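Report on one structure; see the data block that follows.
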Amino acid sequence: MYTQALQALIEEFQKLPGIGPKSAQRMAFAVLKKTQEQNNKFIKALKEAKENIFYCEQCFNLTSQQNTIADDEVHICEICSDPRRNLEQLCVVEDVKDLIAIEKTKEFRGRFHVLGGVISPLDGISADDLSIPNLLLRLEEFVQKHKEESNEGELELILAIGLSTEGEATILYLKRLITVLLNKYQLTELSSPIRITRLAYGLPVGADLDYADETTIAKALEARVLC
């Protein structure tokens, strides 16, 4: 039987994703073995991360960068604020870990949009829980600009979403919403300024991007196909 304070510490660690009772116990004992100075550094790092890391207001990547736009303080990540990125490529990923995995390949120079997960009714995750409305706003801005300026440019929307059942359902849902958006501007699939692609099947079915090696992800990006 653990003392109450130790049991409370174990329970807090167990609330972290992927941490079971045994792992939580080991982590709690590891904390107790550290010196007070080491624990103070750990606590400081947690506090600063919580206070200084925000979601990018454009793509929902994590960032500590703060920008001033029209006298308002906003958080725009390093990728979104980089003028060298390709504005005609937008890669949609499930979470920030997938974004980092793709960035490590150094094969992609476009921009990102982080959904924050996939649609999963069994887990209680609906489209309203994801950043899908924000993605549609970004796509609509591109379509409007395309129509107003009679621009011949094309946006490649790369759906870099895992090949799970939930991932496939999310991709189908996004494609339906994009079709509705195009209809709103009297555009068809043939006249659409948005070309939808997805990662090639170099990735194992059901695999998460952050577990794949950089070469596999790079090859999948290189051989992406039309949806």
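So you can find residues: chains in the structure tokens are A, B, ... in the order shown, residues in each start at 1, and ligands are numbered from 1 in order.
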Within 7 Å of stretch 146-163 of chain A using only C-alpha atoms, minus same-chain residues under 6 positions, as a VMD selection string: chain A and resid 88 to 94 193 to 199 205 to 208
Separation of atom CA of A:Leu139 and atom CA of A:Glu103, in Å? 21.9 Å
Quick one: DSSP alpha helix (DSSP H) residues in stretch 50-184 of chain A, as a VMD selection string? chain A and resid 50 to 52 96 to 105 132 to 148 165 to 184
What does the distance from atom CA of A:Ala28 to atom CA of A:Met1 come to in Å, to one decimal?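 According to the coordinates, atom CA of A:Ala28 and atom CA of A:Met1 are separated by 14.5 Å.
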